[in-house]
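Trainee: The structure's right below; bear with me while I get my questions together.
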Amino acid sequence: MIVLLTDFGHNEYVGVMKGLIYRIDEEATIVDLCHDISPQSVIEASWVLKNNYRYFPSGATLCCVVDPGVGTARKALVVKTAEYYFVGPDNGLLWETLREQGIVETRMIPVPENASRTFHGRDVFAKAAADITLGRFDQLGSRTDQIEKLVIYLNAREGTVVRIDRFGNIITNLPGEGKETYLVKVGGQQWRMSFHQTYHAAPENERFLIEGSCNTLEISLKDGNANEELKLKTGQHIEIS
């Protein structure tokens, strides 16, 4: 199984990656994890991968392409862990997940001279993912012990806005503390917000906090879009105390 995670949106870029995989392995199973990562947001992709990879079967290959450094000298990697394979650019995207899984072996994928300088998703990473499903991991390149480490900021009650979903929920990496109200500080602004167990329990037209599916706090607006009002961005530091 190959699982795709990109910032491409649903367009020809995703389709041609799948087409190339099928050219190499017609029997491949391809699953879309997410293609609406904010453009170039390595932090957001790292968060989505870290919180979702474990729901796929052992042995799956997670092909992750959020790659603002495409065409540069940054390395392209394949990583084997005890349970999974990971494919992606060496820009820190994989690190939070690999810290949990534990690296067994890492290899550098050689980039072909004729590879597009803007689309390594097709010319490098999709091909590598397909080769892994055919048992060719050991043939994909030379071993390396070097990998870019991106740790998403978390220090006591100050953390990071890690994702803003299509509903406008502002997702953070801060766990709750069992409080009924919290003080939220970000970008020189602050708001006091109540915590509610469900969206239904929240009052109309009032921003509130809820524990999301990743067991961290999210800022929400019942039947509305919280981020249309707050206009936060992925990667911003946020304090919830």
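Letters A, B, ... go to the chains of the structure tokens in the order shown; residues in each chain start at 1; ligands are counted from 1 in the same order.
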Identify, with DSSP run on backbone atoms, the residues in region 63-157 of chain A assigned to strand (DSSP E), and express the list as a ChimeraX atom specification.

Mentor: /A:63-65,76-81,85-89,103-108

Trainee: Need the shell around region 86-98 of chain A: protein/DNA/RNA residues with any atom at most 9 Å away, counting only C-alpha atoms. Skip same-chain ones fewer than 6 positions apart. Format as a count of residues only?

Mentor: 40

Trainee: For Phe167 (chain A), please output as a PyMOL selection string all residues within 12 Å (counting only C-alpha atoms; exclusion window: fewer than 2 positions along the same chain).

Mentor: chain A and resi 163-165+169-171+218-228

Trainee: Just N, CA and C atoms for this one: save the residues we selected as a PDB file, in the first residue's frame.

Mentor:
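Below is the file again_29.pdb, written as the result:
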```pdb
ATOM      1  N   ARG A 163      -2.270  23.427  12.212  1.00  0.00           N
ATOM      2  CA  ARG A 163      -3.145  23.216  11.044  1.00  0.00           C
ATOM      3  C   ARG A 163      -4.402  24.049  11.211  1.00  0.00           C
ATOM      4  N   ILE A 164      -4.921  24.532  10.103  1.00  0.00           N
ATOM      5  CA  ILE A 164      -6.233  25.173  10.064  1.00  0.00           C
ATOM      6  C   ILE A 164      -7.058  24.388   9.059  1.00  0.00           C
ATOM      7  N   ASP A 165      -8.059  23.672   9.535  1.00  0.00           N
ATOM      8  CA  ASP A 165      -8.780  22.762   8.647  1.00  0.00           C
ATOM      9  C   ASP A 165      -9.823  23.508   7.816  1.00  0.00           C
ATOM     10  N   ASN A 169     -11.329  25.522  11.864  1.00  0.00           N
ATOM     11  CA  ASN A 169     -10.846  25.190  13.196  1.00  0.00           C
ATOM     12  C   ASN A 169      -9.336  25.408  13.252  1.00  0.00           C
ATOM     13  N   ILE A 170      -8.866  26.069  14.295  1.00  0.00           N
ATOM     14  CA  ILE A 170      -7.444  26.376  14.460  1.00  0.00           C
ATOM     15  C   ILE A 170      -6.854  25.321  15.393  1.00  0.00           C
ATOM     16  N   ILE A 171      -6.075  24.412  14.835  1.00  0.00           N
ATOM     17  CA  ILE A 171      -5.574  23.258  15.581  1.00  0.00           C
ATOM     18  C   ILE A 171      -4.192  23.584  16.139  1.00  0.00           C
ATOM     19  N   GLU A 218      -8.209  22.935  20.085  1.00  0.00           N
ATOM     20  CA  GLU A 218      -8.533  23.625  18.845  1.00  0.00           C
ATOM     21  C   GLU A 218      -9.451  24.796  19.163  1.00  0.00           C
ATOM     22  N   ILE A 219      -9.267  25.883  18.438  1.00  0.00           N
ATOM     23  CA  ILE A 219     -10.174  27.028  18.541  1.00  0.00           C
ATOM     24  C   ILE A 219     -11.247  26.861  17.470  1.00  0.00           C
ATOM     25  N   SER A 220     -12.509  26.900  17.889  1.00  0.00           N
ATOM     26  CA  SER A 220     -13.612  26.654  16.968  1.00  0.00           C
ATOM     27  C   SER A 220     -14.694  27.716  17.105  1.00  0.00           C
ATOM     28  N   LEU A 221     -15.599  27.709  16.167  1.00  0.00           N
ATOM     29  CA  LEU A 221     -16.779  28.575  16.183  1.00  0.00           C
ATOM     30  C   LEU A 221     -17.952  27.719  15.724  1.00  0.00           C
ATOM     31  N   LYS A 222     -18.936  27.560  16.571  1.00  0.00           N
ATOM     32  CA  LYS A 222     -20.068  26.686  16.258  1.00  0.00           C
ATOM     33  C   LYS A 222     -20.751  27.116  14.967  1.00  0.00           C
ATOM     34  N   ASP A 223     -20.868  26.177  14.046  1.00  0.00           N
ATOM     35  CA  ASP A 223     -21.505  26.426  12.748  1.00  0.00           C
ATOM     36  C   ASP A 223     -20.872  27.606  12.021  1.00  0.00           C
ATOM     37  N   GLY A 224     -19.585  27.857  12.290  1.00  0.00           N
ATOM     38  CA  GLY A 224     -18.901  28.972  11.638  1.00  0.00           C
ATOM     39  C   GLY A 224     -17.431  28.682  11.462  1.00  0.00           C
ATOM     40  N   ASN A 225     -16.704  29.691  11.014  1.00  0.00           N
ATOM     41  CA  ASN A 225     -15.286  29.565  10.702  1.00  0.00           C
ATOM     42  C   ASN A 225     -14.497  30.484  11.643  1.00  0.00           C
ATOM     43  N   ALA A 226     -13.855  29.874  12.649  1.00  0.00           N
ATOM     44  CA  ALA A 226     -13.134  30.673  13.643  1.00  0.00           C
ATOM     45  C   ALA A 226     -11.994  31.462  13.018  1.00  0.00           C
ATOM     46  N   ASN A 227     -11.331  30.888  12.021  1.00  0.00           N
ATOM     47  CA  ASN A 227     -10.161  31.577  11.496  1.00  0.00           C
ATOM     48  C   ASN A 227     -10.502  32.725  10.560  1.00  0.00           C
ATOM     49  N   GLU A 228     -11.736  32.797  10.082  1.00  0.00           N
ATOM     50  CA  GLU A 228     -12.134  33.981   9.319  1.00  0.00           C
ATOM     51  C   GLU A 228     -12.109  35.213  10.217  1.00  0.00           C
TER      52      GLU A 228
END
```

Trainee: Which is closer to Thr118 (chain A) than all the others in A:Gln190, A:Ser38, A:Thr72, A:Thr234, using only C-alpha atoms?

Mentor: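 The closest residue to Thr118 (chain A) is A:Thr72.
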
Trainee: Counting only C-alpha atoms, figure out which residue out of A:Val124, A:Ile103, A:Ile109, A:Leu217 gets nearest to Gly141 (chain A).

Mentor: A:Ile109
